[in-house]
Each structure stands twice: as structure tokens, then as C-alpha cells.
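Structure below is structure08.pdb: PDB, C-alpha atoms.
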```pdb
ATOM      1  CA  MET A   1     157.378  42.392 162.201
ATOM      2  CA  ALA A   2     156.483  41.872 158.574
ATOM      3  CA  THR A   3     153.210  43.158 157.178
ATOM      4  CA  ILE A   4     151.198  41.469 154.460
ATOM      5  CA  ARG A   5     148.457  43.271 152.549
ATOM      6  CA  TYR A   6     146.294  42.308 149.624
ATOM      7  CA  TYR A   7     145.309  44.502 146.685
ATOM      8  CA  LEU A   8     142.921  44.023 143.797
ATOM      9  CA  ARG A   9     144.730  45.275 140.726
ATOM     10  CA  SER A  10     141.671  45.912 138.589
ATOM     11  CA  ASP A  11     137.982  46.242 139.269
ATOM     12  CA  LYS A  12     136.918  46.239 135.610
ATOM     13  CA  HIS A  13     135.936  42.571 135.602
ATOM     14  CA  GLU A  14     133.506  40.538 137.691
ATOM     15  CA  SER A  15     136.367  38.832 139.541
ATOM     16  CA  GLY A  16     140.074  39.364 139.890
ATOM     17  CA  GLU A  17     143.218  37.934 141.424
ATOM     18  CA  LEU A  18     144.591  39.602 144.528
ATOM     19  CA  GLN A  19     148.148  40.850 144.607
ATOM     20  CA  VAL A  20     150.045  40.229 147.840
ATOM     21  CA  ARG A  21     152.525  42.762 149.198
ATOM     22  CA  TYR A  22     155.077  41.608 151.757
ATOM     23  CA  ARG A  23     156.945  44.327 153.665
ATOM     24  CA  ASP A  24     159.570  43.852 156.319
ATOM     25  CA  GLY A  25     161.229  47.009 157.542
ATOM     26  CA  ARG A  26     162.363  49.681 155.119
ATOM     27  CA  ASN A  27     164.446  47.487 152.861
ATOM     28  CA  ILE A  28     162.135  44.637 151.912
ATOM     29  CA  ASP A  29     159.055  45.438 149.818
ATOM     30  CA  LEU A  30     157.931  42.551 147.614
ATOM     31  CA  LYS A  31     154.832  42.081 145.434
ATOM     32  CA  ALA A  32     153.425  39.064 143.602
ATOM     33  CA  MET A  33     150.115  37.664 142.477
ATOM     34  CA  SER A  34     148.560  35.629 145.290
ATOM     35  CA  GLY A  35     146.641  33.024 143.319
ATOM     36  CA  ILE A  36     143.490  33.995 145.249
ATOM     37  CA  SER A  37     140.530  35.325 143.269
ATOM     38  CA  VAL A  38     137.702  37.426 144.652
ATOM     39  CA  LEU A  39     134.570  39.019 143.266
ATOM     40  CA  THR A  40     135.282  42.691 142.699
ATOM     41  CA  SER A  41     131.888  43.639 144.130
ATOM     42  CA  THR A  42     132.923  42.190 147.524
ATOM     43  CA  TRP A  43     136.323  43.959 147.743
ATOM     44  CA  ASN A  44     136.957  47.389 149.268
ATOM     45  CA  PRO A  45     140.099  48.795 147.604
ATOM     46  CA  LYS A  46     140.483  51.617 150.125
ATOM     47  CA  LYS A  47     140.673  49.221 153.064
ATOM     48  CA  SER A  48     142.347  46.357 151.165
ATOM     49  CA  ALA A  49     139.755  44.038 152.649
ATOM     50  CA  PHE A  50     136.303  42.670 151.996
ATOM     51  CA  ARG A  51     133.410  45.115 152.146
ATOM     52  CA  SER A  52     131.605  45.079 155.478
ATOM     53  CA  GLY A  53     128.246  44.392 153.840
ATOM     54  CA  ALA A  54     129.523  41.659 151.509
ATOM     55  CA  ASP A  55     127.784  38.291 151.503
ATOM     56  CA  MET A  56     129.575  35.931 153.914
ATOM     57  CA  GLU A  57     129.045  32.998 151.549
ATOM     58  CA  LEU A  58     131.145  34.783 148.921
ATOM     59  CA  THR A  59     133.930  35.963 151.217
ATOM     60  CA  ILE A  60     134.568  33.247 153.793
ATOM     61  CA  LYS A  61     136.547  30.862 151.547
ATOM     62  CA  PRO A  62     138.865  33.526 150.054
ATOM     63  CA  LYS A  63     139.326  35.083 153.521
ATOM     64  CA  LYS A  64     140.441  31.748 154.970
ATOM     65  CA  LYS A  65     142.861  31.310 152.058
ATOM     66  CA  MET A  66     144.243  34.816 152.613
ATOM     67  CA  ASP A  67     144.787  34.150 156.320
ATOM     68  CA  ALA A  68     146.462  30.805 155.632
ATOM     69  CA  LEU A  69     148.683  32.289 152.910
ATOM     70  CA  SER A  70     149.697  35.167 155.178
ATOM     71  CA  ASP A  71     150.727  32.747 157.935
ATOM     72  CA  TYR A  72     152.586  30.566 155.432
ATOM     73  CA  LEU A  73     154.469  33.535 153.957
ATOM     74  CA  ARG A  74     155.429  34.933 157.358
ATOM     75  CA  GLN A  75     156.823  31.585 158.480
ATOM     76  CA  GLY A  76     158.579  30.928 155.155
ATOM     77  CA  MET A  77     160.230  34.330 155.073
ATOM     78  CA  LEU A  78     161.237  34.049 158.739
ATOM     79  CA  ASP A  79     162.864  30.672 158.062
ATOM     80  CA  LEU A  80     164.649  32.158 155.076
ATOM     81  CA  ARG A  81     166.013  35.078 157.073
ATOM     82  CA  ASN A  82     167.079  32.752 159.917
ATOM     83  CA  ASP A  83     169.127  30.835 157.329
ATOM     84  CA  GLY A  84     170.892  34.086 156.430
ATOM     85  CA  SER A  85     169.198  34.623 153.060
ATOM     86  CA  ILE A  86     167.580  37.822 151.873
ATOM     87  CA  PRO A  87     163.959  37.489 150.673
ATOM     88  CA  SER A  88     163.308  38.331 147.022
ATOM     89  CA  VAL A  89     160.358  38.480 144.652
ATOM     90  CA  GLU A  90     161.364  35.063 143.297
ATOM     91  CA  THR A  91     161.290  33.648 146.828
ATOM     92  CA  LEU A  92     157.843  35.151 147.407
ATOM     93  CA  LYS A  93     156.543  33.614 144.165
ATOM     94  CA  GLU A  94     158.053  30.225 145.070
ATOM     95  CA  LEU A  95     156.375  30.267 148.481
ATOM     96  CA  ILE A  96     153.026  31.170 146.899
ATOM     97  CA  ASP A  97     153.399  28.323 144.397
ATOM     98  CA  LYS A  98     154.257  25.882 147.197
ATOM     99  CA  PHE A  99     151.251  27.056 149.197
ATOM    100  CA  HIS A 100     148.952  26.305 146.265
ATOM    101  CA  GLY A 101     150.678  22.988 145.547
ATOM    102  CA  ARG A 102     152.154  24.093 142.215
ATOM    103  CA  ALA A 103     155.791  23.499 143.119
TER     104      ALA A 103
END
```

Let's see the structure in the file written out as C-alpha cells.
Amino acid sequence: MATIRYYLRSDKHESGELQVRYRDGRNIDLKAMSGISVLTSTWNPKKSAFRSGADMELTIKPKKKMDALSDYLRQGMLDLRNDGSIPSVETLKELIDKFHGRA
């Protein structure tokens, strides 16, 4: 089963965009910007998740977006593999754009 994790690339600013990493087995390891921004003060980089003491008002909307994007990516990549195609970074970026309504 594929795993999807989120990383904050920089904590130097007040907020930042999460990077998504999609891994499926040993051969597929893809990264792209997720289009989801979070406040750096609410993100725990060691756990790749929101801090346990973070204000729920600040984390609930991005968390729902992360969950929805993860489900969308899993299904999109599964459909792609069922069609006989190999997932790529371009495919990951296209799926993210479609999720956000940019494609």
C-alpha cells in the first residue's frame, strides 16, 4: 500500500506550503508541493503532523484538506497503475492541480 506524508520545507516564515511525498514500494518515491499552507508554529517537523497542543481552529481546515488530498492521490495513482501506467512526478503534480481545481 502506498504511503503519503507531508513535510514543511522551511520554518523560517510564519506560514509555509507543505510538500507531499508519495511512496509505493521501493521503486516509486515522488515529491511535489501540495498547495496546502500551514502556520509553522502549528507543525511538528519530527512527526510530520500538527503539534498536539496546536489550536484546533488553526489546524482543522488544513487537516481536512490533507486527508482529502491523500485519498484523492491514492485513488488517482491506483487508477493510473490499473491502466498500466507508471506514476511520475508530473502525474503527481497533475493530480494535485486537479484536486485544487487548477487543471

Please, what distance in Å, to one decimal, runs between CA of Thr91 (chain A) and CA of Arg26 (chain A)? 18.1 Å

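Minimum atom-to-atom distances from A:Leu39, A:Lys31, A:Leu78, A:Leu95 to Gly16 (chain A) were compared using only C-alpha atoms, and the lowest value belongs to A:Leu39.
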
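Between CA of Asp29 (chain A) and CA of Leu8 (chain A) there is a distance of 17.3 Å.
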
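A distance cut-off of 10 Å around (150.6, 31.9, 145.5), counting only C-alpha atoms, selects these protein and nucleic acid residues: A:Leu18, A:Gln19, A:Val20, A:Ala32, A:Met33, A:Ser34, A:Gly35, A:Ile36, A:Met66, A:Leu69, A:Leu73, A:Leu92, A:Lys93, A:Glu94, A:Leu95, A:Ile96, A:Asp97, A:Lys98, A:Phe99, A:His100, A:Gly101, A:Arg102.
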
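In this model, the gap between CA of Ser88 (chain A) and CA of Tyr22 (chain A) comes to 10.0 Å.
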
As a list in words, please: the residues near Glu14 (chain A) (cut-off 9 Å, all atoms listed in the file, same-chain neighbours under 6 positions excluded). Val38, Leu39, Thr40 and Ser41 of chain A

Using C-alpha atoms, can you export the residues from the last selection as a CSV table (one decimal), keeping the file's coordinate frame?
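So the final result, stored in out-v8.csv, reads:
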```
chain,number,residue,atom,x,y,z
A,38,VAL,CA,137.7,37.4,144.7
A,39,LEU,CA,134.6,39.0,143.3
A,40,THR,CA,135.3,42.7,142.7
A,41,SER,CA,131.9,43.6,144.1
```
